[in-house]
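J.: Next up, work31.txt (compact mmCIF, C-alpha atoms).
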# COMPACT_ATOMS: atom_id res chain seq x y z
CA MET V 467 -13.17 1.66 -5.60
CA ALA V 468 -11.08 3.97 -7.68
CA PRO V 469 -10.40 7.30 -5.95
CA GLN V 470 -10.56 8.93 -9.35
CA HIS V 471 -11.31 7.31 -12.67
CA ARG V 472 -8.53 7.42 -15.22
CA ARG V 473 -6.27 8.78 -12.52
CA ALA V 474 -2.56 9.41 -12.85
CA LYS V 475 -1.17 7.05 -10.23
CA VAL V 476 1.52 9.16 -8.66
CA ARG V 477 3.37 7.12 -6.10
CA ARG V 478 5.33 9.94 -6.87
CA LEU V 479 22.71 12.53 1.22
CA THR V 480 23.96 13.53 -2.14
CA LEU V 481 27.75 13.33 -2.96
CA GLY V 482 30.70 12.16 -0.85
CA ALA V 483 29.50 11.38 2.67
CA ALA V 484 25.96 10.82 1.43
CA ALA V 485 27.08 7.95 -0.79
CA VAL V 486 28.58 6.19 2.22
CA ALA V 487 25.52 6.90 4.37
CA ALA V 488 23.24 5.66 1.62
CA SER V 489 25.19 2.43 1.27
CA ALA V 490 25.04 1.87 4.99
CA ALA V 491 21.34 2.61 5.13
CA LEU V 492 20.69 0.12 2.35
CA ALA V 493 22.78 -2.51 4.09
CA SER V 494 20.83 -2.05 7.31
CA GLY V 495 17.49 -2.42 5.53
CA LEU V 496 16.60 1.30 5.86
CA VAL V 497 16.64 2.24 2.20
CA ALA V 498 16.37 5.93 3.04
CA GLU V 499 15.49 8.61 0.53
CA VAL V 500 18.87 8.58 -1.19
CA GLY V 501 18.10 9.55 -4.73
CA VAL V 502 18.18 6.04 -6.21
CA ALA V 503 17.77 6.19 -9.97
CA GLN V 504 14.51 4.54 -11.00
CA ALA V 505 13.08 3.24 -14.23
CA ALA V 506 9.54 4.21 -15.15
CA GLU V 507 7.74 3.80 -11.86
CA PRO V 508 4.41 2.05 -11.47
CA ARG V 509 1.68 4.56 -11.08
CA ALA V 510 -0.12 3.54 -7.94
CA PRO V 511 -3.46 5.15 -7.18
CA ALA V 512 -3.35 8.93 -6.99
CA PRO V 513 -6.35 11.12 -7.48
CA THR V 514 -6.15 14.78 -8.37
CA PRO V 515 -4.14 16.43 -5.57
CA VAL V 516 -5.94 18.84 -3.30
CA THR V 517 -4.31 21.94 -1.88
CA PRO V 518 -4.49 22.19 1.93
CA ALA V 519 -6.67 25.10 2.94
CA ALA V 520 -4.50 26.12 5.88
CA THR V 521 -1.20 25.44 7.53
CA PRO V 522 -1.43 22.20 9.52
CA SER V 523 -2.07 22.57 13.22
CA ALA V 524 -0.12 21.11 16.09
CA LEU V 525 -1.94 17.83 15.45
CA ALA V 526 -0.56 17.63 11.93
CA PRO V 527 0.99 14.29 10.95
CA ALA V 528 4.58 13.69 10.21
CA ALA V 529 5.35 14.26 6.54
CA VAL V 530 8.00 12.97 4.23
CA ALA V 531 7.82 15.86 1.84
CA GLN V 532 11.25 16.81 0.59
CA PRO V 533 12.39 20.38 1.14
CA PRO V 534 13.77 22.10 -1.99
CA VAL V 535 17.39 21.20 -2.72
CA PRO V 536 19.59 23.83 -4.36
CA ALA V 537 20.74 22.93 -7.85
CA ALA V 538 24.38 23.57 -7.00
CA THR V 539 26.40 22.18 -4.10
CA PRO V 540 23.65 20.54 -2.08
CA SER V 541 24.23 19.86 1.59
CA ALA V 542 26.08 16.58 1.91
CA LEU V 543 24.07 15.16 4.78
CA THR V 544 20.48 16.28 4.24
CA PRO V 545 18.18 13.43 5.37
CA PRO V 546 14.47 13.30 4.65
CA ALA V 547 12.65 15.61 7.04
CA VAL V 548 9.80 14.37 9.17
CA ALA V 549 7.51 16.69 11.11
CA GLN V 550 7.37 16.20 14.87
CA VAL V 551 4.13 15.88 16.79
CA PRO V 552 3.71 14.99 20.46
CA ALA V 553 3.56 11.29 21.24
CA PRO V 554 -0.11 10.44 21.84
CA THR V 555 -1.68 8.21 24.41
CA PRO V 556 -3.05 5.16 22.59
CA ALA V 557 -6.82 5.25 22.24
CA THR V 558 -7.01 1.47 21.94
CA THR V 559 -4.68 -1.42 22.59
CA ALA V 560 -4.68 -5.05 21.62
CA ALA V 561 -6.69 -7.38 23.78
CA ALA V 562 -4.63 -9.69 25.94
CA GLY V 563 -3.43 -12.69 24.01
CA GLU V 564 -4.63 -11.37 20.66
CA GLY V 565 -2.30 -10.40 17.86
CA ILE V 566 -2.66 -7.12 16.00
CA PRO V 567 -4.13 -7.73 12.54
CA ALA V 568 -1.46 -7.29 9.89
CA PHE V 569 -1.46 -3.78 8.49
CA GLY V 570 0.71 -1.49 6.45
CA VAL V 571 0.59 1.70 4.39
CA PHE V 572 1.25 2.46 0.77
CA LEU V 573 4.10 4.99 0.77
CA LYS V 574 5.62 4.64 -2.72
CA SER V 575 5.86 1.89 -5.31
CA ASP V 576 9.63 1.77 -5.62
CA ALA V 577 12.47 1.48 -3.09
CA ARG V 578 11.41 4.72 -1.45
CA GLY V 579 8.28 2.96 -0.21
CA VAL V 580 10.46 0.48 1.67
CA ALA V 581 12.67 3.30 2.95
CA ARG V 582 9.75 5.18 4.48
CA MET V 583 8.26 2.22 6.32
CA PRO V 584 10.59 2.40 9.37
CA LEU V 585 9.99 6.16 9.55
CA PHE V 586 6.23 5.61 9.58
CA SER V 587 6.67 2.93 12.24
CA HIS V 588 8.74 5.37 14.32
CA TRP V 589 5.91 7.93 13.99
CA LEU V 590 3.58 5.27 15.42
CA GLY V 591 5.77 4.80 18.47
CA GLY V 592 7.42 1.66 17.15
CA THR V 593 4.26 -0.14 16.01
CA GLU V 594 5.47 -2.52 13.34
CA LEU V 595 4.22 -2.50 9.78
CA ARG V 596 3.90 -6.16 8.88
CA VAL V 597 2.56 -5.56 5.37
CA GLY V 598 4.56 -4.16 2.47
CA HIS V 599 2.30 -3.10 -0.41
CA THR V 600 3.37 -2.12 -3.92
CA TYR V 601 2.09 -2.09 -7.49
CA LEU V 602 3.64 -3.47 -10.65
CA PRO V 603 3.62 -0.97 -13.52
CA GLY V 604 0.98 -1.59 -16.13
CA HIS V 605 2.65 0.14 -19.06
CA ARG V 606 4.04 -2.85 -20.97
CA TRP V 607 4.16 -6.61 -20.53
CA ARG V 608 7.81 -6.48 -19.47
CA ASP V 609 6.70 -4.39 -16.48
CA ILE V 610 3.94 -6.83 -15.56
CA GLU V 611 6.48 -9.66 -15.70
CA GLY V 612 8.12 -8.05 -12.66
CA ALA V 613 11.61 -6.74 -13.31
CA ALA V 614 13.99 -7.98 -10.63
CA ASP V 615 15.42 -4.50 -10.09
CA PHE V 616 11.94 -3.40 -9.04
CA LEU V 617 10.93 -6.40 -6.93
CA ASP V 618 14.20 -7.24 -5.20
CA VAL V 619 14.03 -4.49 -2.54
CA TRP V 620 10.51 -5.58 -1.61
CA ALA V 621 11.53 -9.24 -1.47
CA HIS V 622 14.49 -8.30 0.73
CA TRP V 623 12.18 -6.47 3.15
CA ARG V 624 9.72 -9.37 3.22
CA ASN V 625 12.40 -11.95 3.98
CA LYS V 626 13.95 -10.10 6.92
CA LYS V 627 11.13 -11.32 9.21
CA SER V 628 9.03 -14.45 8.90
CA ASP V 629 5.73 -12.79 9.90
CA ARG V 630 5.84 -10.13 7.19
CA MET V 631 3.54 -10.11 4.19
CA LEU V 632 4.23 -8.82 0.69
CA VAL V 633 1.14 -7.59 -1.16
CA LEU V 634 1.63 -7.05 -4.90
CA ASN V 635 -0.97 -5.49 -7.18
CA VAL V 636 -0.66 -7.10 -10.62
CA PRO V 637 -2.34 -5.67 -13.74
CA MET V 638 -3.96 -8.13 -16.13
CA GLN V 639 -3.24 -6.05 -19.23
CA GLU V 640 -0.56 -3.73 -20.53
CA ARG V 641 -1.51 -0.10 -21.34
CA ASN V 642 -3.55 -0.46 -18.19
CA GLU V 643 -4.41 3.23 -17.72
CA GLU V 644 -4.36 4.46 -21.29
CA GLY V 645 -8.08 4.87 -21.88
CA VAL V 646 -8.51 1.77 -24.02
CA SER V 647 -12.04 1.52 -25.44
CA ASP V 648 -14.60 -1.04 -24.26
CA ASP V 649 -14.51 -2.76 -27.67
CA GLU V 650 -10.75 -3.25 -27.47
CA VAL V 651 -10.92 -4.32 -23.82
CA ARG V 652 -13.51 -6.92 -24.78
CA GLN V 653 -11.19 -8.35 -27.43
CA LEU V 654 -8.22 -8.34 -25.06
CA LEU V 655 -10.21 -10.18 -22.40
CA ARG V 656 -11.19 -12.84 -24.90
CA ARG V 657 -7.60 -13.23 -26.06
CA GLY V 658 -6.55 -13.59 -22.43
CA ALA V 659 -9.27 -16.15 -21.80
CA ALA V 660 -7.88 -18.14 -24.75
CA GLY V 661 -4.42 -18.25 -23.14
CA GLU V 662 -2.57 -15.73 -25.30
CA PHE V 663 -1.00 -13.92 -22.34
CA ASP V 664 -0.31 -16.88 -20.03
CA HIS V 665 3.46 -16.79 -20.53
CA HIS V 666 3.80 -13.29 -19.05
CA PHE V 667 2.32 -14.44 -15.75
CA ARG V 668 4.48 -17.54 -15.66
CA VAL V 669 7.54 -15.28 -15.96
CA LEU V 670 6.25 -13.21 -13.02
CA ALA V 671 5.65 -16.31 -10.91
CA GLU V 672 9.13 -17.65 -11.66
CA ARG V 673 10.72 -14.31 -10.75
CA LEU V 674 8.88 -14.19 -7.44
CA MET V 675 10.13 -17.71 -6.72
CA LYS V 676 13.73 -16.73 -7.52
CA LEU V 677 13.38 -13.82 -5.09
CA ASN V 678 12.19 -16.25 -2.41
CA VAL V 679 8.76 -14.70 -1.94
CA PRO V 680 6.54 -17.68 -2.82
CA ASP V 681 3.79 -16.58 -0.41
CA THR V 682 3.17 -13.17 -1.99
CA VAL V 683 -0.43 -11.97 -1.92
CA ILE V 684 -1.35 -11.18 -5.54
CA VAL V 685 -4.04 -8.49 -5.89
CA LEU V 686 -4.87 -9.41 -9.47
CA GLY V 687 -6.88 -7.07 -11.68
CA TRP V 688 -8.00 -4.84 -8.82
CA GLU V 689 -11.02 -2.53 -9.07
CA MET V 690 -12.26 -4.53 -12.04
CA ASN V 691 -15.81 -3.26 -11.47
CA GLY V 692 -14.83 0.30 -12.44
CA THR V 693 -13.92 2.07 -15.67
CA THR V 694 -10.32 3.10 -14.98
CA TYR V 695 -8.31 0.10 -16.09
CA THR V 696 -7.78 -1.90 -19.24
CA HIS V 697 -8.20 -4.97 -17.01
CA ARG V 698 -11.78 -3.95 -16.15
CA CYS V 699 -14.50 -6.57 -16.16
CA GLY V 700 -17.53 -4.69 -17.49
CA PRO V 701 -17.05 -5.13 -21.25
CA ASP V 702 -17.19 -8.96 -20.93
CA PRO V 703 -17.55 -10.42 -17.40
CA GLU V 704 -17.52 -14.04 -18.60
CA ALA V 705 -14.27 -13.58 -20.53
CA TRP V 706 -12.81 -11.68 -17.57
CA LYS V 707 -13.52 -14.58 -15.20
CA LYS V 708 -12.02 -17.14 -17.60
CA TYR V 709 -8.95 -14.95 -18.03
CA TRP V 710 -8.51 -14.59 -14.23
CA ASN V 711 -8.75 -18.36 -13.85
CA ARG V 712 -6.11 -18.92 -16.55
CA ILE V 713 -3.71 -16.49 -14.86
CA VAL V 714 -4.15 -18.15 -11.47
CA ALA V 715 -3.72 -21.64 -12.95
CA THR V 716 -0.56 -20.50 -14.76
CA MET V 717 1.04 -18.97 -11.69
CA ARG V 718 0.06 -21.89 -9.47
CA SER V 719 1.72 -24.30 -11.91
CA VAL V 720 5.18 -23.02 -10.90
CA PRO V 721 6.71 -25.51 -8.43
CA GLY V 722 6.96 -24.38 -4.82
CA GLN V 723 4.60 -21.43 -5.07
CA LYS V 724 2.26 -20.52 -2.21
CA PHE V 725 0.66 -17.46 -3.76
CA ARG V 726 -2.64 -16.16 -2.42
CA PHE V 727 -4.89 -14.45 -4.96
CA ASP V 728 -6.90 -11.48 -3.74
CA PHE V 729 -10.06 -10.53 -5.65
CA THR V 730 -10.46 -6.81 -4.87
CA PRO V 731 -13.24 -4.66 -6.33
CA SER V 732 -13.92 -1.07 -5.37
CA ARG V 733 -16.68 -0.46 -2.83
CA GLY V 734 -20.18 -0.09 -4.25
CA GLN V 735 -21.54 -1.00 -7.63
CA ASP V 736 -19.37 1.35 -9.70
CA ALA V 737 -19.71 0.45 -13.42
CA VAL V 738 -20.86 -3.13 -12.82
CA PRO V 739 -21.80 -5.13 -9.70
CA TRP V 740 -18.56 -6.72 -8.58
CA THR V 741 -20.27 -10.01 -7.79
CA LYS V 742 -20.74 -10.49 -11.56
CA CYS V 743 -16.96 -10.58 -11.90
CA TYR V 744 -16.28 -13.12 -9.13
CA PRO V 745 -14.32 -15.95 -10.81
CA GLY V 746 -15.07 -18.70 -8.30
CA ASP V 747 -13.87 -20.08 -4.99
CA ASP V 748 -11.27 -22.38 -6.54
CA THR V 749 -9.11 -19.51 -7.78
CA VAL V 750 -9.78 -16.88 -5.08
CA ASP V 751 -8.02 -17.02 -1.71
CA VAL V 752 -8.95 -13.60 -0.31
CA ILE V 753 -11.86 -11.26 -1.05
CA GLY V 754 -10.70 -7.68 -0.72
CA MET V 755 -12.24 -4.26 -1.14
CA ASP V 756 -10.77 -0.85 -1.95
CA SER V 757 -12.80 1.59 0.12
CA TYR V 758 -12.25 5.35 0.31
CA ASP V 759 -14.33 7.98 2.09
CA GLN V 760 -16.54 8.95 -0.83
CA PRO V 761 -18.76 10.12 -2.43
CA ASN V 762 -19.15 13.56 -0.97
CA GLY V 763 -21.68 13.60 1.87
CA MET V 764 -21.92 9.82 2.27
CA SER V 765 -21.73 8.79 5.93
CA PHE V 766 -19.88 5.71 7.11
CA ASP V 767 -23.19 4.00 7.89
CA GLN V 768 -24.21 4.53 4.28
CA GLN V 769 -20.90 3.09 3.10
CA VAL V 770 -21.69 0.02 5.17
CA LYS V 771 -25.27 -0.39 3.96
CA GLU V 772 -25.08 0.65 0.29
CA PRO V 773 -25.48 -2.06 -2.39
CA TYR V 774 -22.15 -3.91 -2.75
CA GLY V 775 -20.79 -1.91 0.18
CA LEU V 776 -18.84 -2.86 3.28
CA GLN V 777 -21.48 -5.14 4.79
CA HIS V 778 -22.13 -6.91 1.50
CA HIS V 779 -18.39 -7.49 1.19
CA VAL V 780 -18.13 -9.08 4.64
CA ASP V 781 -21.24 -11.20 4.11
CA PHE V 782 -20.16 -12.35 0.64
CA ALA V 783 -16.73 -13.41 1.89
CA LYS V 784 -18.25 -15.28 4.82
CA ALA V 785 -20.65 -17.11 2.51
CA HIS V 786 -17.71 -18.20 0.37
CA GLY V 787 -15.48 -19.12 3.30
CA LYS V 788 -12.81 -16.53 2.44
CA PRO V 789 -10.89 -14.01 4.55
CA ILE V 790 -11.33 -10.33 3.71
CA SER V 791 -8.78 -7.60 3.08
CA TYR V 792 -8.61 -3.86 2.46
CA PRO V 793 -5.66 -3.29 0.09
CA GLU V 794 -6.60 0.39 -0.36
CA TRP V 795 -8.49 2.65 1.99
CA GLY V 796 -8.30 6.21 3.22
CA LEU V 797 -9.82 9.67 3.23
CA PHE V 798 -11.11 11.36 0.10
CA ARG V 799 -14.18 13.37 -0.89
CA ASN V 800 -15.22 14.28 2.67
CA GLY V 801 -11.89 15.83 3.57
CA ASP V 802 -10.30 15.58 6.99
CA ASN V 803 -12.88 13.24 8.52
CA PRO V 804 -11.80 11.73 11.86
CA GLU V 805 -15.20 10.06 12.27
CA TYR V 806 -14.59 8.05 9.09
CA MET V 807 -11.11 7.18 10.32
CA ARG V 808 -12.42 6.07 13.70
CA ARG V 809 -15.22 4.00 12.22
CA MET V 810 -13.02 2.35 9.59
CA LEU V 811 -10.41 1.35 12.17
CA ALA V 812 -13.15 0.00 14.44
CA TRP V 813 -14.67 -1.89 11.50
CA MET V 814 -11.36 -3.62 10.84
CA ASP V 815 -10.87 -4.40 14.52
CA GLU V 816 -14.28 -6.07 14.47
CA TYR V 817 -14.01 -8.02 11.23
CA ARG V 818 -10.28 -8.85 11.40
CA PRO V 819 -9.19 -8.69 7.75
CA LEU V 820 -6.18 -10.72 6.70
CA TYR V 821 -4.47 -7.35 6.16
CA ASN V 822 -5.18 -3.71 5.42
CA THR V 823 -3.03 -1.02 3.85
CA LEU V 824 -3.85 2.67 4.11
CA THR V 825 -3.12 4.76 1.01
CA ASP V 826 -0.85 7.41 2.48
CA TYR V 827 -0.58 10.51 0.32
CA CYS V 828 -2.87 13.46 -0.31
CA PRO V 829 -5.80 13.52 -0.19
CA HIS V 830 -6.09 10.06 1.41
CA GLY V 831 -3.23 9.89 3.90
CA VAL V 832 -2.33 10.73 7.46
CA TRP V 833 1.48 10.95 7.44
CA GLN V 834 2.70 12.24 4.09
CA CYS V 835 -0.29 14.59 3.80
CA GLY V 836 -0.59 17.61 6.08
CA ALA V 837 -4.15 18.34 4.96
CA ASN V 838 -5.77 15.86 7.38
CA PRO V 839 -4.49 16.77 10.88
CA LYS V 840 -7.54 15.58 12.85
CA SER V 841 -7.70 12.22 11.09
CA SER V 842 -3.94 11.90 11.42
CA HIS V 843 -4.15 12.42 15.18
CA LEU V 844 -6.94 9.85 15.45
CA TYR V 845 -5.07 7.24 13.38
CA ARG V 846 -1.83 7.76 15.27
CA SER V 847 -3.49 7.73 18.69
CA THR V 848 -5.29 4.50 17.86
CA LEU V 849 -2.24 2.60 16.61
CA PHE V 850 0.54 4.24 18.62
CA GLY V 851 2.78 1.72 20.35
CA ARG V 852 0.53 -1.26 19.63
CA THR V 853 2.18 -4.63 19.94
CA ASP V 854 1.05 -8.18 20.61
CA GLN V 855 1.17 -7.43 24.33
CA ALA V 856 -1.88 -6.42 26.35
CA ALA V 857 -0.43 -3.13 27.56
CA PRO V 858 2.25 -1.58 25.31
CA PRO V 859 4.34 1.18 26.91
CA LEU V 860 2.90 4.60 26.26
CA THR V 861 6.19 6.49 26.37
CA PRO V 862 9.53 5.06 25.22
CA THR V 863 12.06 4.80 28.05
CA PRO V 864 14.99 7.17 27.41
CA GLN V 865 18.27 5.33 26.98
CA PRO V 866 21.32 6.74 28.79
CA THR V 867 23.94 8.35 26.61
CA PRO V 868 27.21 6.37 26.70
CA PRO V 869 30.08 8.25 28.38
CA GLY V 870 32.13 10.35 26.04
CA THR V 871 29.41 10.78 23.42
CA THR V 872 27.37 13.84 22.57
CA PRO V 873 23.62 13.31 22.77
CA PRO V 874 21.73 14.08 19.55
CA PRO V 875 19.68 17.27 19.38
CA ALA V 876 16.19 17.05 20.86
CA ASP V 877 14.62 17.52 17.43
CA CYS V 878 16.50 14.66 15.79
CA THR V 879 16.11 10.90 15.75
CA PRO V 880 19.45 9.11 15.24
CA LEU V 881 19.86 6.47 12.56
CA ASP V 882 21.84 3.32 13.26
CA LEU V 883 24.24 3.23 10.28
CA GLY V 884 26.89 1.07 11.90
CA SER V 885 29.93 1.97 13.94
CA TRP V 886 32.37 2.38 11.04
CA VAL V 887 30.07 4.84 9.22
CA GLU V 888 29.45 6.80 12.42
CA GLU V 889 33.20 6.95 13.05
CA TRP V 890 33.75 8.17 9.48
CA LEU V 891 30.99 10.77 9.81
CA GLY V 892 32.11 11.81 13.28
CA GLY V 893 28.81 10.97 14.92
CA LYS V 894 25.33 9.69 14.31
CA LEU V 895 23.22 10.81 11.38
CA CYS V 896 19.77 11.86 12.57
CA LEU V 897 16.44 12.74 11.03
CA ARG V 898 15.38 16.34 11.65
CA PHE V 899 11.88 16.94 12.98
CA ASP V 900 11.79 20.73 12.96
CA TRP V 901 11.40 21.65 9.32
CA TRP V 902 7.60 21.75 9.42
Can the structure in the file be given as structure tokens, please?
T.:
Amino acid sequence: MAPQHRRAKVRRLTLGAAAVAASAALASGLVAEVGVAQAAEPRAPAPTPVTPAATPSALAPAAVAQPPVPAATPSALTPPAVAQVPAPTPATTAAAGEGIPAFGVFLKSDARGVARMPLFSHWLGGTELRVGHTYLPGHRWRDIEGAADFLDVWAHWRNKKSDRMLVLNVPMQERNEEGVSDDEVRQLLRRGAAGEFDHHFRVLAERLMKLNVPDTVIVLGWEMNGTTYTHRCGPDPEAWKKYWNRIVATMRSVPGQKFRFDFTPSRGQDAVPWTKCYPGDDTVDVIGMDSYDQPNGMSFDQQVKEPYGLQHHVDFAKAHGKPISYPEWGLFRNGDNPEYMRRMLAWMDEYRPLYNTLTDYCPHGVWQCGANPKSSHLYRSTLFGRTDQAAPPLTPTPQPTPPGTTPPPADCTPLDLGSWVEEWLGGKLCLRFDWW
């Protein structure tokens, strides 16, 4: 389900000491917000921003919004600021002996998305994000082929722990959000079904193999039942299905691959019933659904029961023997809606998707968006401190300060940059929590 049709997908320490701190942060896997130069960034889903009606309350989520930086002589050690809220008591915990379903959040498409993941985990009391989710750009074929300088940071994150999962949205056509007409889309689908674009997807598969991420989950041609993308299904469902099958066959032909292909429509009928686009069990490994809290006034029960809604999704996947997923979900047309947040989290606890990733920016999110304080509190309380243990600690145990060191300020969280960097800086670099 596209949050907004034809949307602009915005997944939108300076000199000296900052350069050293940035290098150290990269080396430690915390690719903090360090001003890395980026090529044209993939435009992951972003509907028209909404302006918060009021200043966030004490329940407001942590945010990664960057305070203005002066044009001349910026502060040398200005880290990204994160708002502080009191540590909640978890509303739910994992059942004894049961693992937490893999989940993550979409925070940014490029390296900044990886950088923010440990900060989000810290906000959740150490609950680990096991899913890293990003989107390939859909501007030109060279983007869809997966430039190594875009994918390498995500592959590095994935390979640091064996139980992590990389989820990669892959467009099926270039000019993917440029308003291409139905007639042209129809011709492109037929050309794809005839094999004209196979080589681009073989290049992508080979690059993923070189980066040692052969088990990447490929969300191919997502939200195909809508009108937003050039890879939409509606103009010619039969050609779309043949094209999907060619892409999957091409990528699976690369030796050593273990890719899983996720068929992910948007919730509801949208422009065409998504079941008409289903390409078949042989080429689909996961049946996903992008599900936001919309349209305006629709209750969660209605989202469950509507044609091609949440219940239809679960039932369809069960009938086809496939796991489900929720690559995109979050708040939207009904504003700060903690009841939706509670029900959606409970739904996923009940139906155990392979993974889910919350879209975390305004108006959907709970951490980078201060407009949803009640939903943010609910989300954080539910997931705070959750581990694979039956009873995760509710409050972290304070660690004693080693003799001869100065404890960090109460409103800062220290970063582990390594002893030589800390010696050079004269102490630990910490994230400020008081800017909000």
J.: Enumerate, in order of chain and increasing residue number, the residues of range 696-778 of chain V with an atom no farther than 6 Å from range 670-691 of chain V, each with its shortest atom pair and distance in Å to one decimal, counting all atoms listed in the file, as a tab-separated table.
T.:
residue	atom	partner	partner_atom	distance
V:His697	CA	V:Gly687	CA	5.9
V:Arg698	CA	V:Met690	CA	4.2
V:Cys699	CA	V:Met690	CA	5.1
V:Met717	CA	V:Ala671	CA	5.4
V:Gln723	CA	V:Pro680	CA	4.8
V:Lys724	CA	V:Asp681	CA	4.6
V:Phe725	CA	V:Asp681	CA	4.7
V:Arg726	CA	V:Val683	CA	4.8
V:Phe727	CA	V:Ile684	CA	4.9
V:Asp728	CA	V:Val685	CA	4.7
V:Thr730	CA	V:Trp688	CA	5.1
V:Pro731	CA	V:Glu689	CA	4.1
V:Ser732	CA	V:Glu689	CA	4.9
V:Ala737	CA	V:Asn691	CA	5.7
V:Val738	CA	V:Asn691	CA	5.2
V:Trp740	CA	V:Asn691	CA	5.3
J.: Quick one: pull the distance between CA of Tyr695 in chain V and CA of Glu643 in chain V, Å, one decimal.
T.: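 Between these atoms lies a distance of 5.3 Å.
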J.: Could you please determine the separation between CA of Tyr827 in chain V and CA of Met764 in chain V in Å, to one decimal place?
T.: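 Between CA of Tyr827 in chain V and CA of Met764 in chain V the gap is 21.4 Å.
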J.: At what distance in Å, to one decimal, does CA of Asp748 in chain V lie from CA of Glu650 in chain V?
T.: 28.4 Å
J.: Pick from V:Thr741, V:Thr694, V:Pro703, V:Leu602: nearest to Val646 in chain V, with all atoms listed in the file counted?
T.: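 Smallest distance to Val646 in chain V is found for V:Thr694.
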J.: For range 769-778 of chain V, please output as an MDAnalysis selection string all residues within 12 Å (counting all atoms listed in the file; exclusion window: fewer than 6 positions along the same chain).
T.: chainID V and resid 467 691 731:742 753:763 784:785 790:792 795 806 809:810 813:814 817
J.: Between V:Val750, V:Leu811, V:Ala705, V:Leu634, which residue has the minimum interatomic distance to Ser575 in chain V, considering all atoms listed in the file?
T.: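 The closest residue to Ser575 in chain V is V:Leu634.
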